[in-house]
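Text of protein.tsv (TSV, C-alpha atoms) as supplied:
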```
chain	number	residue	atom	x	y	z
A	1	MET	CA	26.32	-5.54	39.05
A	2	GLN	CA	27.88	-5.09	42.49
A	3	GLY	CA	30.48	-2.73	41.07
A	4	LEU	CA	27.81	-0.51	39.53
A	5	ASP	CA	25.67	-0.61	42.68
A	6	SER	CA	28.71	0.39	44.73
A	7	GLY	CA	29.21	3.58	42.73
A	8	GLY	CA	31.05	2.50	39.60
A	9	ASP	CA	29.65	3.82	36.35
A	10	ASP	CA	31.38	1.63	33.79
A	11	TYR	CA	33.18	-1.70	33.48
A	12	LEU	CA	34.46	-4.23	30.98
A	13	VAL	CA	34.17	-7.99	31.33
A	14	LYS	CA	37.29	-10.00	30.46
A	15	PRO	CA	38.15	-10.98	27.87
A	16	PHE	CA	37.36	-7.88	25.84
A	17	GLN	CA	38.42	-6.57	22.45
A	18	PHE	CA	40.65	-3.52	22.23
A	19	GLU	CA	38.03	-1.73	20.08
A	20	GLU	CA	35.49	-2.20	22.88
A	21	LEU	CA	37.90	-0.57	25.36
A	22	LEU	CA	38.36	2.36	22.99
A	23	ALA	CA	34.58	2.75	22.62
A	24	HIS	CA	34.24	2.88	26.42
A	25	LEU	CA	36.99	5.50	26.63
A	26	ARG	CA	35.32	7.63	23.93
A	27	ALA	CA	32.02	7.44	25.81
A	28	MET	CA	33.73	8.50	29.04
A	29	THR	CA	35.39	11.51	27.39
A	30	ARG	CA	32.00	12.71	26.11
A	31	ARG	CA	30.77	13.09	29.69
A	32	LYS	CA	30.59	16.68	30.85
A	33	ASP	CA	33.86	17.79	32.49
A	34	GLY	CA	34.87	14.16	32.97
A	35	GLN	CA	32.25	13.79	35.73
A	36	ARG	CA	30.60	10.46	36.35
A	37	ALA	CA	27.24	10.02	34.69
A	38	ASN	CA	25.19	9.27	37.78
A	39	HIS	CA	22.35	11.68	37.26
A	40	TYR	CA	19.04	9.87	37.69
A	41	THR	CA	15.65	10.74	36.21
A	42	CYS	CA	12.11	9.48	36.39
A	43	ALA	CA	9.59	11.50	34.36
A	44	ASP	CA	10.32	15.13	35.37
A	45	LEU	CA	12.05	14.12	38.63
A	46	GLU	CA	15.84	14.52	38.64
A	47	VAL	CA	18.29	13.41	41.32
A	48	ASP	CA	21.92	14.49	41.22
A	49	PRO	CA	23.76	12.40	43.85
A	50	ALA	CA	27.06	14.24	43.37
A	51	ARG	CA	25.47	17.53	44.47
A	52	HIS	CA	22.55	16.11	46.52
A	53	ILE	CA	20.05	18.12	44.47
A	54	VAL	CA	16.52	16.97	43.72
A	55	THR	CA	14.25	18.75	41.24
A	56	ARG	CA	10.81	18.02	39.88
A	57	GLY	CA	9.46	19.99	36.96
A	58	GLY	CA	12.52	22.25	37.24
A	59	ARG	CA	11.69	23.18	40.84
A	60	GLU	CA	14.26	22.28	43.51
A	61	ILE	CA	12.92	20.15	46.36
A	62	GLN	CA	14.52	20.27	49.79
A	63	LEU	CA	14.78	16.88	51.49
A	64	ALA	CA	16.05	15.82	54.89
A	65	ALA	CA	19.01	13.41	54.82
A	66	LYS	CA	16.96	10.23	55.32
A	67	GLU	CA	14.31	11.38	52.80
A	68	TYR	CA	17.06	11.97	50.27
A	69	ALA	CA	18.65	8.58	50.96
A	70	LEU	CA	15.28	6.87	50.47
A	71	LEU	CA	14.59	8.72	47.22
A	72	GLU	CA	18.07	7.94	45.91
A	73	TYR	CA	17.57	4.26	46.75
A	74	LEU	CA	14.19	4.25	44.96
A	75	ILE	CA	15.47	6.04	41.86
A	76	ARG	CA	18.55	3.80	41.61
A	77	ASN	CA	16.06	0.93	41.57
A	78	LYS	CA	13.57	2.71	39.30
A	79	GLY	CA	10.89	0.35	38.03
A	80	ILE	CA	11.84	-2.36	40.55
A	81	VAL	CA	9.58	-3.12	43.49
A	82	VAL	CA	11.58	-2.89	46.72
A	83	SER	CA	10.33	-4.33	49.98
A	84	ARG	CA	10.26	-2.57	53.32
A	85	GLU	CA	12.94	-5.01	54.45
A	86	GLN	CA	15.21	-4.06	51.53
A	87	ILE	CA	14.74	-0.38	52.35
A	88	GLU	CA	15.42	-0.99	56.05
A	89	THR	CA	18.56	-2.99	55.27
A	90	ASN	CA	19.95	-0.34	52.94
A	91	LEU	CA	19.02	2.79	54.87
A	92	TRP	CA	19.02	2.04	58.57
A	93	SER	CA	21.72	0.74	60.87
A	94	TYR	CA	21.76	-2.53	62.76
A	95	ASP	CA	20.24	-0.93	65.87
A	96	TYR	CA	17.05	-0.20	63.91
A	97	ILE	CA	14.00	-2.03	65.26
A	98	ALA	CA	12.45	-3.93	62.37
A	99	GLY	CA	8.70	-4.01	62.14
A	100	SER	CA	8.16	-0.36	63.00
A	101	ASN	CA	6.40	1.90	60.55
A	102	VAL	CA	9.37	4.20	59.95
A	103	VAL	CA	9.60	3.25	56.25
A	104	ASP	CA	5.92	4.08	55.77
A	105	VAL	CA	6.44	7.41	57.52
A	106	TYR	CA	9.33	8.37	55.23
A	107	ILE	CA	7.42	7.23	52.14
A	108	ARG	CA	4.55	9.49	53.22
A	109	LEU	CA	6.96	12.42	53.70
A	110	LEU	CA	8.49	11.80	50.25
A	111	ARG	CA	5.10	11.58	48.59
A	112	LYS	CA	4.15	14.92	50.10
A	113	LYS	CA	7.26	16.56	48.65
A	114	ILE	CA	7.65	14.60	45.39
A	115	ASP	CA	4.10	13.77	44.30
A	116	GLU	CA	1.58	16.02	46.04
A	117	ASP	CA	1.82	19.03	43.70
A	118	TRP	CA	1.96	17.06	40.45
A	119	PRO	CA	-0.77	15.15	38.60
A	120	GLU	CA	1.58	12.26	37.71
A	121	LYS	CA	2.42	10.25	40.81
A	122	LEU	CA	5.81	8.54	40.79
A	123	ILE	CA	5.92	6.69	44.14
A	124	HIS	CA	3.61	3.68	44.08
A	125	THR	CA	2.67	1.10	46.69
A	126	VAL	CA	2.65	-2.56	45.72
A	127	ARG	CA	0.30	-4.10	48.27
A	128	GLY	CA	1.82	-6.81	50.37
A	129	TYR	CA	5.34	-6.20	49.08
A	130	GLY	CA	6.69	-2.68	49.08
A	131	TYR	CA	7.21	0.37	46.90
A	132	VAL	CA	8.31	1.27	43.39
A	133	LEU	CA	9.34	4.53	41.74
A	134	LYS	CA	8.01	4.61	38.19
A	135	GLU	CA	6.26	6.79	35.67
A	136	GLY	CA	2.50	6.55	35.32
A	137	ARG	CA	0.01	4.49	37.28
```
Encoded form using structure tokens:
Amino acid sequence: MQGLDSGGDDYLVKPFQFEELLAHLRAMTRRKDGQRANHYTCADLEVDPARHIVTRGGREIQLAAKEYALLEYLIRNKGIVVSREQIETNLWSYDYIAGSNVVDVYIRLLRKKIDEDWPEKLIHTVRGYGYVLKEGR
């Protein structure tokens, strides 16, 4: 898992069969222009980390750097509830003062840009724990 979370998009566990290696290679050659397949979606929301482009319903959404980092973290963990502490640890440096409401502020900014104009809300609060990006309510 750590390899995939660190940016890898494929791996084989030893020992493996040669046919399995060939299947992985065939899958990799099917990818467009040999690019890594790290394009994330949730409903009609699309995040392309390679180009730092976010679209919803085909409309491009401009995000500040920290907003983008937060959205990318949420979509990489789509369907998984992440705590404020997990967000703080992954997005802010060691000089960040824990306990402030900065995560809530950025969630509010993201909701305004990602959810406000659409009937289906994707960013959900899980009371007492944190946030989750998922389809539906």
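If all atoms listed in the file are the atoms counted, then among A:Tyr40, A:Gly130, A:Pro49, A:Asp115 the closest residue to Arg84 (chain A) is A:Gly130.
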Item checked: Exercise: Leu71 (chain A) partners within 9 Å, all atoms listed in the file, chain neighbours under 3 positions left out, as a VMD selection string -> chain A and resid 47 66 to 68 74 to 76 107 110 133
Close residues, Glu46 (chain A) itself excluded, 8 Å, all atoms listed in the file, min 5 positions apart in chain, as a PDB file with C-alpha atoms, keeping the file's coordinate frame:
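Writing done, so here's result.pdb:
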```
ATOM      1  CA  HIS A  39      22.350  11.680  37.260  1.00  0.00           C
ATOM      2  CA  TYR A  40      19.040   9.870  37.690  1.00  0.00           C
ATOM      3  CA  THR A  41      15.650  10.740  36.210  1.00  0.00           C
ATOM      4  CA  VAL A  54      16.520  16.970  43.720  1.00  0.00           C
ATOM      5  CA  THR A  55      14.250  18.750  41.240  1.00  0.00           C
ATOM      6  CA  ARG A  56      10.810  18.020  39.880  1.00  0.00           C
TER       7      ARG A  56
END
```
Margin query: Quick check, in Å to one decimal: how far apart do CA of Val102 (chain A) and CA of Tyr131 (chain A) lie?
Written below: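 Value for the CA of Val102 (chain A)-CA of Tyr131 (chain A) distance: 13.8 Å.
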Notebook entry, point to check: So which one's closest to Tyr73 (chain A), A:Lys14, A:Glu60, A:Asp44, A:Asn90? Using only C-alpha atoms, please.
Noted result: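 Ranked by minimum distance to Tyr73 (chain A), first place goes to A:Asn90.
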Item checked: Shell around region 118-125 of chain A at 8 Å using all atoms listed in the file, local window under 5 positions removed, as an MDAnalysis selection string -> chainID A and resid 42 111 130:137
Next item on the list: Rounded to one decimal place, report the CA of His24 (chain A)-CA of Ala43 (chain A) distance in Å.
Entry: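 These atoms are spaced 27.3 Å apart.
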Check: Expressed in Å to a single decimal, how great is the separation between CA of Glu72 (chain A) and CA of Glu116 (chain A)?
Finding: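 Going from CA of Glu72 (chain A) over to CA of Glu116 (chain A) covers 18.4 Å.
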Check: With only C-alpha atoms as the atoms that count, which of A:Leu22, A:Leu45, A:Ile61, A:Trp92 lies nearest to Lys78 (chain A)?
Finding: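 Ranked by minimum distance to Lys78 (chain A), first place goes to A:Leu45.
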